[in-house]
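What follows is one structure encoded as structure tokens, with my remarks underneath.
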Amino acid sequence: MSLNRRSFLASTVGVSASLAAPAVWSASHGRPRVVVIGGGAGGATAARYVAKDSDGAIDVTLVEPTRTYYTCFFSNLYLGGFKEISDIGHSYGTLAGAHGVNVVHDWAVDVDRGAKTVTLAGGATLDYDKLILSPGIDFIDGSVPGWDVSAQNRMPHAYKAGSQTELLRSQLMGMKEGGLFVMVAPPNPFRCPPGPYERVSMVAHLLKSSNPTAKILIADPKEKFSKQALFEEGWERHYGGMISRLGPDFGGGNVSVDPDAMTVDIDGQVENADVVNVIPAMKAGRIAEVAGVTDGNWAPVNAIDMSSKADPDVHVLGDASQQGDMPKSGFSANSQAKVCANAVRGALTGSRVFPARFSNTCWSLIASNDGVKVGATYEATPEKIARVDGFISQTGEDAALRKATYEESEGWYAGIAADIFG
Amino acid sequence: MLRFLSVFIPSVAAVTVVLISAYVFANRLVDRAPEPAAAHVPEPMVVQRDVVPEDVTKVIDAAIVAVNEVTELASGSDDAVTTSPVSELAAAGEKAFRKCKACHQIGKDARNRAGPTLNGVVGRVAASVEGFSYSKAMKAAGKRGLIWNEEELAGYLAKPRVHLKGTKMSFAGLKSEEEIAATIAFLKTFSESPVGVEDSDVSEAAPEVSLDASVLDIEGDPEYGEYLSSECTTCHQADGADDGIPSIVRWGEDRFVTVMHAYKLGVREHPVMNMVAGRLGNEEIAALAAYFAALED
Ligand SMILES: Cc1cc2nc3c(=O)[nH]c(=O)nc-3n(C[C@H](O)[C@H](O)[C@H](O)COP(=O)(O)OP(=O)(O)OC[C@H]3O[C@@H](n4cnc5c(N)ncnc54)[C@H](O)[C@@H]3O)c2cc1C
């Protein structure tokens with residue numbers, strides 16, 4: 001199915017068409033060029049929308065090192081045994097084939113904002129008129145003493161999906177009977193606020209059948225967490241006695257690990273663990289810092305079009321951006337990408353630019369057919385992306401509603417995957 | 001392992017400080033599969049919207065309690081469906097309706113008298129019964145799009161002249177919340193959208209709101225609609241596939257507009273859709289309808 005553009009043009013006299021001559025961008029060199037760094041929820045959506053909606057008027061290059069992108073969303077369901085790893089893997093063939101995106105599998109290693117160029121690890125240089133950065137997150141060195149990426153095989157983070165997620169699952173499957181799984185939860189702000197707790201739910205679901213005497217311990221530096229009442233109710237109901245959480249009052253914020261000894265030190269008390277999932281503190285993907293658009297850990301942006309506060313020709317999307325009230329989620333990144341794509345296209349081709357509008361909904365699975373969700377809509381204000389309105393599932397909901405919510409999340413996954421990669 | 005006390009800090013704030021106000025009545029039309037009437041307790045999902053004035057909220061809370069009580073009575077037996085709480089409530093409403101009968105007729109052969117006929121009143125636009133001469137205030141309310149959904153009716157029936165200043169209806173209001181809930185349940189039995197409509201295709205359900213022609217006639221801007229549609233396609237697939245979230249393509253513009261307004265007004269309940277549609281204006285809904293209508297295979 002495709003939009004019948006010609007009938008639009010015929011029927012909407014006076015509407016400026018997307019093929020109209022570039023009004024803003026000067027035609028001194030070929031087609032205007034957009035380079036997107038990062039082919040995840042934000043970047044791939046932006047590349048797809050700019051290419052699709054400009055109908056070839058804009059040259060779009062997407063730089064992404066991996067050939068298959070494994071979504072973090074639903075990676076917890078893979079851990080729980082609800083999905084195969086292949087269910088959450090997506091490739092870039094349609095972006096290239098159907099939308100004409102030039103997909104380059106390489107790392108961006110440098111950005112020269114003066115010369116408006118991006119340098120790739122392979123040595124190539126790309127010119128851009130507009131640069132879109134959506135590199136996701138990296139971890140803050142030293143945030144969990146004893147852990148660094150060289151330890152990620154012994155103590156996986158599984159917070160960038162793919163081999164890390166598979167590793168964590170195989171460790172859980174091989175865990176000794178009655179063993180201990182420890183999660184070191186991250187401090188705010190981090191990607192996917194309910195993510196660690198959905199993960200605990202899915203690990204509990206897995207262990208309940210394969211290793212029912214196993215225990216789960218969360219060391220958490222945060223007082224509160226997303227959907228807390230819902231998760232705690234669900235844990236009690238489905239996995240009574242299996243899961244404990246040590247918040248900051250109980251030393252959950254004072255944690256170090258020893259990956260060789262497989263121990264976790266929580267406020268001076270050393271636990272011998274069998275599987276340890278360390279989710280360190282986060283910051284914007286490193287290339288944002290290299291590009292010089294970060295302030296502290298994140299890249300501040302203008303809510304109206306996701307342009308960097310440091311450079312109007314650079315846009316930053318998704319987890320890496322510091323935008324205001326939206327949680328760092330795939331849904332948010334996708335939503336921001338569409339606002340950005342509309343603005344970028346307008347700037348380069350003179351197409352109509354519509355007011356920014358954002359939304360987010362995050363579904364989480366607590367156990368089989370026990371889904372919950374939280375969501376909100378947002379608007380652009382001069383200061384930030386500001387929350388307008390929202391909802392959250394409630395404790396005590398009946399089984400039918402929870403099942404419907406889970407089924408809806410399946411629908412959402414199919415929908416957003418098509419919207420990003422389709 | 002000894003220190004694994006379950007250290008659960010109960011989270012109170014966000015979840016309990018919610019506005020039940022958006023959840024007007026238990027026996028509303030839901031947009032999922034139909035459930036037996038006995039199972040129609042209020043869905044505990046909460047939409048945080050301030051749509052209802054304070055005094056109405058109180059009425060509404062009480063109405064939920066009333067429905068709950070009846071539900072409990074009915075759920076004592078296994079085949080409770082035969083004495084559904086909805087029909088009990090409606091029966092109580094028939095009694096309460098005696099107070100209205102002096103001026104309003106309802107049912108077959110109903111005609112306008114001192115007040116307009118009330119067939120189909122639940123979900124219709126204010127001041128839309130043909131041949132009845134409404135007050136200025138009521139006509140204005142209709143123009144601005146007031147729909148007699150349950151929320152509005154509850155407010156109006158409690159204190160007509162407070163809820164709609166300038167109304168001709170010279171009635172002090174129904175005193176008890178139970179009476180109001182019952183009356184509305186009764187009125188609903190004469191309205192187009194019974195509880196639990198067969199609803200396998202969301203677009204096919206009976207129209208829950210009757211929109212003013214002026215709303216349906218807005219010519220949508222499809223280019224704007226295309227931009228707005230990107231908010232839909234995060235969940236609804238543009239090619240019409242349905243993997244757990246319904247297809248929204250090829251509905252026809254009027255149908256699309258009507259359903260979106262039903263979500264916007266809360267006549268249809270779904271927290272995500274109430275939130276998304278709640279932010280769309282008439283022009284935006286028309287734009288979306290125009291865009292989706294222009295999608296082709
Ligand atoms: C366990 C878990 C569960 C989650 N569940 C949900 C959920 O249910 N719903 C939801 O909405 N969100 C969920 N999320 C969050 C979601 O995955 C992220 O918020 C989202 O992926 C952010 O998109 P992004 O574009 O900012 O980054 P990413 O999707 O991470 O994409 C970044 C991409 O940039 C690439 N990249 C990085 N640096 C460079 C460079 N220098 N050069 C080239 N490419 C580069 C990376 O390879 C990567 O592919 C979950 C996250 C986790 C960890």
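Labels used: A, B, ... for chains in the order of the structure tokens, numbers from 1 for residues in each chain, and numbers from 1 for ligands as shown.
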
Next on the checklist: Hey, which residues sit close to ligand 1? Say within 7 Å, counting only C-alpha atoms and all ligand atoms, and write them as JSON, numbers by chain.
Outcome noted: {"A": [37, 38, 39, 40, 41, 42, 43, 63, 64, 65, 66, 69, 71, 72, 73, 74, 75, 76, 106, 107, 108, 109, 134, 135, 136, 137, 158, 159, 160, 161, 191, 192, 195, 196, 199, 285, 286, 287, 317, 318, 319, 320, 328, 329, 330, 331, 332, 333, 361, 362, 363, 364]}

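Closest approach to Val209 of chain B among B:Thr234, B:Ser191, B:Ser176, B:Thr183: B:Ser191, based on only C-alpha atoms.
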
Checklist entry - So which residues of segment 92-288 of chain B fall under alpha helix (DSSP H) by DSSP, listed as number ranges by chain? => result B: 92-96, 98-101, 136-143, 150-158, 160-163, 177-188, 213-216, 222-232, 253-265, 271-278, 282-288

Next on the checklist: Could you pull out the strand (DSSP E or B) residues of segment 40-230 of chain A, going by DSSP on the backbone, and write them as a ChimeraX atom specification?
Outcome noted: /A:59-63,68-70,89-91,102-104,108-112,117-120,125-127,130-133,137-139,180-184,215-219

Item to check | Between atom CA of Lys108 of chain B and atom CA of Arg124 of chain B, distance in Å (one decimal) | outcome: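 Taking atom CA of Lys108 of chain B as the start and atom CA of Arg124 of chain B as the end point, the length is 18.0 Å.
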
Item to check | Near-Ile218 of chain B list (8 Å; only C-alpha atoms; drop same-chain fewer than 5 positions) as a list in words | outcome: Asn282, Glu283 and Ala286 of chain B

Checklist entry - Near Arg345 of chain A, within 12 Å and counting only C-alpha atoms, which residues show up once chain neighbours fewer than 2 positions away are dropped, as a VMD selection string? => result (chain A and resid 17 to 25 32 to 34 46 to 60 129 to 130 305 337 to 343 347 to 354) or (chain B and resid 227)

Go ahead and write the selection's residues with N, CA and C atoms as a compact mmCIF listing (two decimals), in the first residue's frame.
```txt
# COMPACT_ATOMS: atom_id res chain seq x y z
N ALA A 17 3.37 21.14 -2.29
CA ALA A 17 3.67 19.72 -2.41
C ALA A 17 5.08 19.45 -1.93
N SER A 18 5.30 18.18 -1.56
CA SER A 18 6.61 17.85 -1.03
C SER A 18 7.68 17.88 -2.12
N LEU A 19 7.25 17.88 -3.37
CA LEU A 19 8.22 17.92 -4.45
C LEU A 19 8.56 19.36 -4.87
N ALA A 20 7.95 20.30 -4.18
CA ALA A 20 8.18 21.69 -4.55
C ALA A 20 9.67 22.03 -4.48
N ALA A 21 10.07 23.00 -5.24
CA ALA A 21 11.48 23.36 -5.29
C ALA A 21 11.96 23.79 -3.91
N PRO A 22 13.21 23.45 -3.59
CA PRO A 22 13.75 23.86 -2.30
C PRO A 22 13.60 25.37 -2.11
N ALA A 23 13.01 25.74 -0.99
CA ALA A 23 12.77 27.16 -0.78
C ALA A 23 13.82 27.76 0.14
N VAL A 24 14.26 26.95 1.08
CA VAL A 24 15.14 27.49 2.10
C VAL A 24 16.59 27.16 1.77
N TRP A 25 16.78 25.89 1.44
CA TRP A 25 18.12 25.43 1.19
C TRP A 25 18.54 25.94 -0.19
N PRO A 32 20.01 18.33 -1.37
CA PRO A 32 20.41 18.53 0.03
C PRO A 32 20.69 17.18 0.70
N ARG A 33 21.65 17.18 1.61
CA ARG A 33 22.09 15.93 2.22
C ARG A 33 21.80 15.87 3.71
N VAL A 34 21.23 14.76 4.09
CA VAL A 34 21.00 14.49 5.51
C VAL A 34 21.81 13.27 5.89
N ALA A 46 13.92 8.45 11.65
CA ALA A 46 14.18 9.74 11.02
C ALA A 46 14.61 9.54 9.57
N ALA A 47 15.52 8.60 9.34
CA ALA A 47 15.98 8.35 7.97
C ALA A 47 14.81 7.94 7.08
N ARG A 48 13.97 7.05 7.62
CA ARG A 48 12.85 6.56 6.82
C ARG A 48 11.88 7.69 6.49
N TYR A 49 11.53 8.50 7.46
CA TYR A 49 10.55 9.57 7.21
C TYR A 49 11.11 10.66 6.30
N VAL A 50 12.36 11.04 6.49
CA VAL A 50 12.91 12.08 5.61
C VAL A 50 12.94 11.55 4.18
N ALA A 51 13.39 10.32 4.01
CA ALA A 51 13.50 9.76 2.65
C ALA A 51 12.13 9.54 2.03
N LYS A 52 11.25 8.91 2.77
CA LYS A 52 9.91 8.57 2.27
C LYS A 52 9.14 9.83 1.91
N ASP A 53 9.12 10.80 2.79
CA ASP A 53 8.28 11.98 2.58
C ASP A 53 8.88 12.97 1.59
N SER A 54 10.20 12.89 1.38
CA SER A 54 10.77 13.85 0.43
C SER A 54 10.83 13.25 -0.97
N ASP A 55 10.44 11.99 -1.10
CA ASP A 55 10.33 11.38 -2.41
C ASP A 55 11.59 11.58 -3.27
N GLY A 56 12.72 11.41 -2.67
CA GLY A 56 13.96 11.50 -3.44
C GLY A 56 14.55 12.89 -3.51
N ALA A 57 13.85 13.90 -2.98
CA ALA A 57 14.38 15.26 -3.06
C ALA A 57 15.56 15.47 -2.10
N ILE A 58 15.66 14.59 -1.11
CA ILE A 58 16.76 14.71 -0.15
C ILE A 58 17.59 13.42 -0.19
N ASP A 59 18.90 13.59 -0.16
CA ASP A 59 19.83 12.46 -0.14
C ASP A 59 20.04 12.07 1.33
N VAL A 60 19.60 10.87 1.69
CA VAL A 60 19.67 10.45 3.09
C VAL A 60 20.68 9.32 3.26
N ASP A 129 24.13 18.61 5.08
CA ASP A 129 23.49 19.90 5.33
C ASP A 129 22.81 19.87 6.69
N LYS A 130 22.23 18.73 7.01
CA LYS A 130 21.64 18.53 8.35
C LYS A 130 22.14 17.19 8.87
N ASP A 305 11.92 21.16 17.42
CA ASP A 305 12.38 20.37 16.27
C ASP A 305 13.53 19.42 16.60
N ALA A 337 11.57 11.50 16.35
CA ALA A 337 12.16 11.41 15.02
C ALA A 337 11.21 11.97 13.97
N LYS A 338 9.92 11.78 14.16
CA LYS A 338 8.96 12.24 13.16
C LYS A 338 8.82 13.76 13.19
N VAL A 339 8.88 14.32 14.38
CA VAL A 339 8.86 15.78 14.50
C VAL A 339 10.12 16.35 13.84
N CYS A 340 11.25 15.73 14.12
CA CYS A 340 12.52 16.17 13.56
C CYS A 340 12.51 16.04 12.03
N ALA A 341 12.03 14.91 11.53
CA ALA A 341 12.03 14.69 10.08
C ALA A 341 11.20 15.75 9.37
N ASN A 342 10.06 16.09 9.96
CA ASN A 342 9.20 17.10 9.37
C ASN A 342 9.91 18.45 9.30
N ALA A 343 10.62 18.78 10.38
CA ALA A 343 11.33 20.07 10.44
C ALA A 343 12.53 20.10 9.48
N ALA A 347 13.10 22.57 6.31
CA ALA A 347 14.26 23.45 6.17
C ALA A 347 14.98 23.22 4.84
N LEU A 348 14.98 22.00 4.37
CA LEU A 348 15.77 21.69 3.17
C LEU A 348 14.98 21.79 1.87
N THR A 349 13.68 21.58 1.92
CA THR A 349 12.92 21.60 0.67
C THR A 349 11.78 22.60 0.68
N GLY A 350 11.55 23.25 1.80
CA GLY A 350 10.44 24.20 1.87
C GLY A 350 9.09 23.53 2.06
N SER A 351 9.07 22.25 2.36
CA SER A 351 7.78 21.59 2.60
C SER A 351 7.18 22.13 3.89
N ARG A 352 5.91 21.89 4.07
CA ARG A 352 5.20 22.47 5.22
C ARG A 352 5.70 21.87 6.54
N VAL A 353 5.86 22.73 7.50
CA VAL A 353 6.28 22.27 8.83
C VAL A 353 5.10 22.43 9.78
N PHE A 354 4.73 21.33 10.41
CA PHE A 354 3.58 21.33 11.30
C PHE A 354 4.04 21.38 12.76
N TYR B 227 1.12 14.07 8.25
CA TYR B 227 2.03 14.34 9.37
C TYR B 227 1.44 13.79 10.67
```

Checklist entry - For chain A, which of B:Asp243, B:Glu284, B:Glu223, B:Glu253 is the closest residue, counting only C-alpha atoms? => result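 Of all the options, B:Asp243 lies closest to chain A.
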
Checklist entry - So which one's closest to chain B, A:Asp295, A:Glu379, A:Glu408, A:Asp398? Using only C-alpha atoms, please. => result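 Closest candidate: A:Glu408.
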
Next on the checklist: I'd like the contact shell of Ala273 of chain A - 7 Å cut-off, only C-alpha atoms, skipping same-chain residues fewer than 6 positions apart - returned as a list in words.
Outcome noted: Leu180, Phe181, Val182, Met262, Thr263 and Val264 of chain A

Can those selected residues be exported to a file as a PDB file, in the first residue's frame so that it contains C-alpha atoms?
```
ATOM      1  CA  LEU A 180      21.259 -16.175  43.242  1.00  0.00           C
ATOM      2  CA  PHE A 181      20.654 -13.635  40.478  1.00  0.00           C
ATOM      3  CA  VAL A 182      21.690 -10.091  41.341  1.00  0.00           C
ATOM      4  CA  MET A 262      31.487 -13.198  41.158  1.00  0.00           C
ATOM      5  CA  THR A 263      30.688 -11.216  44.257  1.00  0.00           C
ATOM      6  CA  VAL A 264      28.577  -8.122  44.802  1.00  0.00           C
TER       7      VAL A 264
END
```
